[in-house]
Structure formats: C-alpha cells, structure tokens
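Below you'll find the structure, written out as structure tokens, and then a few comments.
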Amino acid sequence: MKVLVIGSGGREHALVWKLSQSRRVDKIYCCPGNAGIAELAECVDINPLDFDAILNLVKYEWIDLTIVGPEDPLAAGIATVFRKDGRKIFGPGADAARLEASKSFSKDFMRRYGLPTAEYKVFTSYVHAEDYVRLKGAPIVIKADGLAAGKGVIVAKTVQEATDALRLIMKDRAFGEAGDKVVVEDCIDGEEASFMAFTDGKTIVPMVSSQDHKRIFDKDLGPNTGGMGAYSPAPVLGPEMEKTVMETVMKPFLRGVQAEGMDFRGVIYAGLMIKDGEKPFVLEFNCRFGDPETQAVMRRLDSDFFEVVLATSEGKLSRVDVQWKQEASVCVVMASGGYPGSYQKGKIINGLDKAGKMKDVVVFHAGTGFSGENVVTAGGRVLGVTATGKDVKEAKAKAYEAVQKISFDGMQYRTDIADKAIKGTSCK
Ligand code: GLY
C-alpha cells in the first residue's frame, strides 16, 4: 500500500516513522515533509492547502490512503474534497473540523450534548466583551474564535490582562479573522491532560494518555508555544479517570457527532482540565493528533498503525484491536533561539547521528531542512528528542542524555519536561 502524510512537523515525522514499521506499507509520501521524514518517505513540496495538487499526486502515484496532520487543511475541507473524489483519507470532514476551527461552535456543541465545560459567553463586540469581563472579574479566559496556531487562548490573571487580550484579538486583529468573535470563559483550576482517541464516528478507541508543555520556559513561564515537550502516560489520567472521560466526555461527544450527521473519521483530541483530581472539564477540542503529544504516544503504540488508520478511514474501527506498550515516553523539543518570537534559520545541526543511535531514543524532526550535505534548522521547533523507559523518570533521563549530544547555534529547550507529571497546573 502507498500512504501520503500531509504536514511537516514532529508529529508528521512520528506518524511516518510508525507507518514505516507496517508490513502493509510499501511506500510513504509526505507533503511537504522535512529532513528527518526524507529518510523514510518521498517528500513532495506541495502546500498542504493546495488540494488540487495533492489530489493530482494521489491519482498520479496511485496512493491508497492519505493521513492529515495539521488542522488548517482539515478546517479548509480536505477530507470532504477527497471523499467526494472517492479517495480514502484519515481526518474529519469540514463540518466536524469546525469543532476545532471555531471555539464558539465547539462550546455550543458541548452545551447541546451536556459535556462538562466551563461557563462561557460569545461576543462579536469588543465593548460588550469588555463589560462582561469587568462584571465577571479575573482570572478569566479569553479565546479567539478561530484558528490561531495555538496562540489564541489567553488565561488572564487580572481584568487588565483580560481587556488587553480582548484588544489584541478584536481591535489589533493579531490573529486576523480568527478574532471576529471571542469566547470569554470561566477559569477552571486543576491539572491539564490530553485525551486523544481514534474515532470513525461509531466507535471510539482511546490512545494512551499524554500531556504537553505549552510555555517556552521552565516552570511554565514565558509565552505559549506550539508545545515544548510531552510525556506519556499522564498520571492524572489513570484507568479510573479514563473511564470517567469516556462516559462523561467521549460518549456524549459521539452522540453529538451522530445526531448532527458529522463526518468524523480521524482523531478527537480533548484538552482537559481535571478539577480536584476527579472531575474532567473539556477546555477545547482538536480534530487531529496533538503535537508534540503524538511523538510521545506513537513510541508506545504496539499495533500496526496503518491498520488502525485504514480501518478508521473506512468506518471499520471496531474491527481492530489497538494495543499499547507498557512503558513511558518523554519528548523534549529543541527550538531555535528567539522562538516563539522571530528566529533565524539555516543553523547547522550537529550530533543527530550520536543521539539517534542511542538505545530507546528516536529524534523526530520538525523544522529541519538541508543545506548541501548538512541538516539545518528551518523552523521554530526544530527537533523532538523522544525516549522510552520503564517509567517517566527513566524516559526523561534518556531523552535529556540524547539532547546533550545535539547542538545548533542559539538552541533552546526546557529542562523540566515531564516534571509536571508530579505537580498540578492552575489558573492562579
Ligand atoms: N499540543 C497542543 C496541540 O497539539 O494543539
């Protein structure tokens, strides 16, 4: 079988890496890919939003299945376009992808189907939103309605921070049209966790739990990023909590998908806040694999990934048995100096071979490219150094040992990835 993966990040490298282990996969393509993916797949330089060009590639190369990594092509309807053309694709249709692409749509959906989530109001007027914030007080959460590359959610600790966030989103238009509307939401304290599951709209199969680290600096300081690291399992999401999430979040979610006739064949990823260690609230839905959670989670998948995604895309998920390894994994992201602000590209990356040869270590590439013979930086998040171990502590130690072998000019990384496994996060 021939498989195409769309995207160019660490998540897509992890998906390609896992697919490459399937006996049923003969060839992998990636649009556009990166230097690490190029070792396992044929990278084709097509923009993930150029659906005509991607469809042509699929037809010309007789590709059997397409897997979509990022949210933008899903929100723009790639799965709907492909299915209309009779192509197999792993990812929700445009209707279902709105659960990620519009925060107000998503919150209204949660309310309609009784999912636990924070109280909220939706505003298109800055003045009304500001009045509401002053009435409610802080802490309070301000969310741009549309896609904002993970930067559109601001947890405001003071009313001033909240009004600044409203101004940034609605008046300064920092995220463009994504700020036409805002969701203003109560702040819930607790511990965050990522719950990802495969679903074909009929069956839901949870993945092992995971958690990412969104802030750039240690101790969760500094601005939000796309994610600076992840670990799996997340202790807050043990077997009992998984049952609770399945009953109170995932089953009502599925009822909603079915009641509204949504085409959902892909990954549902609930960003959760677990209050008092016992009650899960949905902070947001994503309709795709998390990044960098996927790097940690794919290391623990025991089953043939191709079988799982094929069955999901065909609506036959109930026929596959998804098995996981009983070990832990940790992914440490190495980023360019200056990220998440402006940064330079083209820095030579040293030590990839040494780190990659270490037992239980896989170095997933994100923003990397080639300059002649050299692998160089080509993005903000550059690498996801991922290790497995008998527990999170051992996996963390191995991941950081591998990180020490890699260097590039200006590199930065957090030194506390996975420490959160033993401490909570809070709005306070
Ligand atoms: N790790 C956060 C995300 O994938 O949205």
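Just so we're on the same page: first chain in the structure tokens is A, next is B, and so on; residues restart at 1 for each chain, and ligands are numbered from 1 in the order they show up.
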(request) Apply DSSP to the backbone of this structure and, from range 227-292 of chain A, keep only the residues in strand (DSSP E or B); write these as a list in words. (result) Gly229, Ala230, Tyr231, Ser232, Gly266, Val267, Ile268, Tyr269, Ala270, Gly271, Leu272, Met273, Ile274, Lys275, Lys279, Pro280, Phe281, Val282, Leu283, Glu284, Phe285 and Asn286 of chain A
Could you produce a table of the residues of chain A lying within 10 Å of ligand 1, with the nearest pair of atoms per residue and their separation in Å rounded to one decimal, using only C-alpha atoms and all ligand atoms, ordered by chain and increasing residue number, as a tab-separated table?
```
residue	atom	partner	partner_atom_place_in_ligand_line	distance
A:Arg11	CA	ligand 1	4 (O)	8.8
A:Pro70	CA	ligand 1	4 (O)	8.8
A:Glu71	CA	ligand 1	5 (O)	9.0
A:Glu100	CA	ligand 1	5 (O)	9.7
A:Ala149	CA	ligand 1	5 (O)	8.0
A:Gly150	CA	ligand 1	5 (O)	6.1
A:Lys151	CA	ligand 1	5 (O)	9.7
A:Ser194	CA	ligand 1	1 (N)	8.1
A:Ser210	CA	ligand 1	1 (N)	9.7
A:Gln211	CA	ligand 1	1 (N)	7.8
A:Asp212	CA	ligand 1	1 (N)	5.5
A:His213	CA	ligand 1	1 (N)	7.5
A:Lys214	CA	ligand 1	1 (N)	7.0
A:Thr225	CA	ligand 1	2 (C)	8.8
A:Gly226	CA	ligand 1	2 (C)	6.1
A:Gly227	CA	ligand 1	1 (N)	5.3
A:Met228	CA	ligand 1	1 (N)	8.6
A:Gly229	CA	ligand 1	1 (N)	8.5
A:Ala230	CA	ligand 1	1 (N)	8.0
A:Tyr269	CA	ligand 1	4 (O)	8.5
A:Ala270	CA	ligand 1	5 (O)	9.7
A:Gly271	CA	ligand 1	2 (C)	8.3
A:Glu284	CA	ligand 1	5 (O)	9.5
A:Phe285	CA	ligand 1	5 (O)	9.1
A:Asn286	CA	ligand 1	5 (O)	6.8
A:Cys287	CA	ligand 1	5 (O)	9.4
A:Arg288	CA	ligand 1	4 (O)	7.9
A:Phe289	CA	ligand 1	4 (O)	6.6
A:Gly290	CA	ligand 1	4 (O)	3.3
A:Asp291	CA	ligand 1	4 (O)	4.0
A:Pro292	CA	ligand 1	1 (N)	5.5
A:Glu293	CA	ligand 1	1 (N)	6.0
A:Thr294	CA	ligand 1	4 (O)	8.3
```
(request) Could you tell me how far CA of Tyr231 in chain A lies from CA of Ala193 in chain A, in Å and to one decimal? (result)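 We find that CA of Tyr231 in chain A and CA of Ala193 in chain A lie 10.2 Å from each other.
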(request) Take CA of Ala101 in chain A and CA of Asn34 in chain A and report the distance between them in Å, one decimal. (result)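 Result for CA of Ala101 in chain A versus CA of Asn34 in chain A: 25.5 Å, one decimal.
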(message) I need the residue nearest Ala197 in chain A from this list: A:Gly86, A:Gly69, A:Gly137, A:Gly266. Use only C-alpha atoms for the distance.
(response)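 Residue with the minimum atom-to-atom distance to Ala197 in chain A: A:Gly266.
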Considering only C-alpha atoms, give me a table of residues in range 175-281 of chain A that are at most 8 Å from range 337-356 of chain A, with the closest atom pair and distance in Å for each, as a tab-separated table.
```
residue	atom	partner	partner_atom	distance
A:Ile216	CA	A:Pro340	CA	7.4
A:Pro223	CA	A:Pro340	CA	7.5
A:Asn224	CA	A:Pro340	CA	7.6
A:Thr225	CA	A:Pro340	CA	5.8
```
Proximity check range 349-391 of chain A to range 318-325 of chain A, 12 Å, nearest pairs one decimal Å, only C-alpha atoms, as CSV:
```
residue,atom,partner,partner_atom,distance
A:Thr388,CA,A:Lys325,CA,10.0
A:Gly389,CA,A:Lys325,CA,10.6
A:Lys390,CA,A:Lys325,CA,10.2
A:Asp391,CA,A:Lys325,CA,11.6
```
(message) I need the residue nearest Leu115 in chain A from this list: A:Gly384, A:Pro206, A:Pro252, A:Gly222. Use only C-alpha atoms for the distance.
(response) A:Pro252
Restrict the calculation to only C-alpha atoms, then for each residue of range 187-269 of chain A with any atom at most 9 Å from an atom of range 314-317 of chain A give the closest atom pair and their distance in Å to one decimal, rows by chain and rising residue number, as JSON lines.
```
{"residue": "A:Phe198", "atom": "CA", "partner": "A:Leu317", "partner_atom": "CA", "distance": 8.1}
{"residue": "A:Thr199", "atom": "CA", "partner": "A:Leu317", "partner_atom": "CA", "distance": 7.1}
{"residue": "A:Asp200", "atom": "CA", "partner": "A:Gly315", "partner_atom": "CA", "distance": 5.0}
{"residue": "A:Gly201", "atom": "CA", "partner": "A:Gly315", "partner_atom": "CA", "distance": 7.4}
{"residue": "A:Lys202", "atom": "CA", "partner": "A:Gly315", "partner_atom": "CA", "distance": 7.5}
{"residue": "A:Thr203", "atom": "CA", "partner": "A:Leu317", "partner_atom": "CA", "distance": 6.3}
{"residue": "A:Ile204", "atom": "CA", "partner": "A:Leu317", "partner_atom": "CA", "distance": 8.0}
{"residue": "A:Val205", "atom": "CA", "partner": "A:Leu317", "partner_atom": "CA", "distance": 8.0}
{"residue": "A:Arg265", "atom": "CA", "partner": "A:Gly315", "partner_atom": "CA", "distance": 7.1}
```
(message) What's around Ala35 in chain A at 8 Å? Count only C-alpha atoms, leave out sequence neighbours fewer than 5 positions away in its own chain, and write the answer as a list in words.
(response)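 My reading of the contact set: His365, Thr368, Gly369, Phe370 and Val375 of chain A.
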Store the residues of this selection in a file with N, CA and C atoms, as a compact mmCIF listing (two decimals), in the first residue's frame.
```txt
# COMPACT_ATOMS: atom_id res chain seq x y z
N HIS A 365 12.21 14.97 13.67
CA HIS A 365 12.50 16.30 13.12
C HIS A 365 11.20 17.09 13.00
N THR A 368 13.27 21.28 10.12
CA THR A 368 14.62 20.99 9.62
C THR A 368 14.60 20.93 8.09
N GLY A 369 15.74 21.19 7.50
CA GLY A 369 15.88 21.09 6.05
C GLY A 369 17.33 20.78 5.72
N PHE A 370 17.64 20.81 4.45
CA PHE A 370 19.01 20.51 4.03
C PHE A 370 19.68 21.78 3.48
N VAL A 375 22.23 18.96 7.67
CA VAL A 375 20.86 19.17 8.14
C VAL A 375 20.89 20.48 8.94
```
(request) For Val362 in chain A, please output as a PyMOL selection string all residues within 12 Å (counting only C-alpha atoms; exclusion window: fewer than 3 positions along the same chain). (result) chain A and resi 10+13-14+17-18+36+295-296+298-299+329-332+352-359+365+383-388+395+398-399+402-403
(message) List the spatial neighbours of Thr244 in chain A as a PyMOL selection string - criterion: any atom at most 9 Å away, only C-alpha atoms, same-chain residues fewer than 4 positions off excluded.
(response) chain A and resi 239-240+248-249+278-280
Given the selection you just returned, output its residues as a file containing C-alpha atoms, formatted as an mmCIF file, in the first residue's frame.
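Resulting contents of selection-v2.cif:
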```
data_model
loop_
_atom_site.group_PDB
_atom_site.id
_atom_site.type_symbol
_atom_site.label_atom_id
_atom_site.label_comp_id
_atom_site.auth_asym_id
_atom_site.auth_seq_id
_atom_site.Cartn_x
_atom_site.Cartn_y
_atom_site.Cartn_z
ATOM 1 C CA PRO A 239 -7.655 3.977 34.353
ATOM 2 C CA GLU A 240 -10.490 5.302 36.561
ATOM 3 C CA THR A 248 -18.851 11.992 30.523
ATOM 4 C CA VAL A 249 -16.965 13.374 27.520
ATOM 5 C CA GLU A 278 -11.694 13.780 39.896
ATOM 6 C CA LYS A 279 -13.832 15.857 37.551
ATOM 7 C CA PRO A 280 -12.792 16.349 33.919
#
```
(request) Please run DSSP on the backbone and report, as number ranges by chain, all residues within range 11-193 of chain A that come out as helix (DSSP H, G or I). (result) A: 11-19, 37-39, 51-61, 71-75, 78-84, 94-101, 103-112, 126-136, 159-171, 176-179
Quick one: contact table of range 85-163 of chain A to range 47-57 of chain A, 12 Å max, nearest atom pair and distance in Å to one decimal per residue, counting only C-alpha atoms, chain and number order, as a tab-separated table?
```
residue	atom	partner	partner_atom	distance
A:Asp85	CA	A:Leu55	CA	8.8
A:Gly86	CA	A:Leu55	CA	10.8
A:Arg87	CA	A:Leu55	CA	8.7
A:Lys88	CA	A:Leu55	CA	11.2
A:Ile89	CA	A:Leu55	CA	11.1
```
(message) I want to know what sits within 7 Å of Lys275 in chain A, based on only C-alpha atoms, with residues of the same chain fewer than 5 positions away left out; could you give that as an MDAnalysis selection string?
(response) chainID A and resid 189:191 280
(message) When you count only C-alpha atoms, which of these residues is closest to Phe281 in chain A: A:Val153, A:Met262, A:Ala378, A:Met110?
(response) A:Met110
(request) For CA of Ile142 in chain A and CA of Ala97 in chain A, determine how far apart the two atoms are, in Å to one decimal place. (result)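 Atom-to-atom, CA of Ile142 in chain A and CA of Ala97 in chain A are spaced 21.2 Å apart.
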(message) For a quick check of understanding, using only C-alpha atoms, which of A:Gly91, A:Gly372, A:Gly410, A:Gly176 has the smallest distance to Thr312 in chain A?
(response)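 Residue with the minimum atom-to-atom distance to Thr312 in chain A: A:Gly91.
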(request) May I have the residues within 9 Å of Asp419 in chain A as number ranges by chain, using only C-alpha atoms and disregarding those fewer than 6 positions away in the same chain? (result) A: 392-393, 396
Residues as selected, N, CA, C and O atoms, written as a PDB file, in the first residue's frame, can you do that?
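Saved file out.pdb follows:
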```pdb
ATOM      1  N   VAL A 392       8.282   7.332  33.591  1.00  0.00           N
ATOM      2  CA  VAL A 392       8.522   8.667  33.036  1.00  0.00           C
ATOM      3  C   VAL A 392       9.901   9.184  33.441  1.00  0.00           C
ATOM      4  O   VAL A 392      10.602   9.824  32.643  1.00  0.00           O
ATOM      5  N   LYS A 393      10.306   8.863  34.677  1.00  0.00           N
ATOM      6  CA  LYS A 393      11.605   9.352  35.161  1.00  0.00           C
ATOM      7  C   LYS A 393      12.751   8.803  34.295  1.00  0.00           C
ATOM      8  O   LYS A 393      13.659   9.538  33.887  1.00  0.00           O
ATOM      9  N   LYS A 396      12.646  10.290  30.816  1.00  0.00           N
ATOM     10  CA  LYS A 396      13.130  11.684  30.844  1.00  0.00           C
ATOM     11  C   LYS A 396      14.668  11.708  30.861  1.00  0.00           C
ATOM     12  O   LYS A 396      15.293  12.471  30.108  1.00  0.00           O
TER      13      LYS A 396
END
```
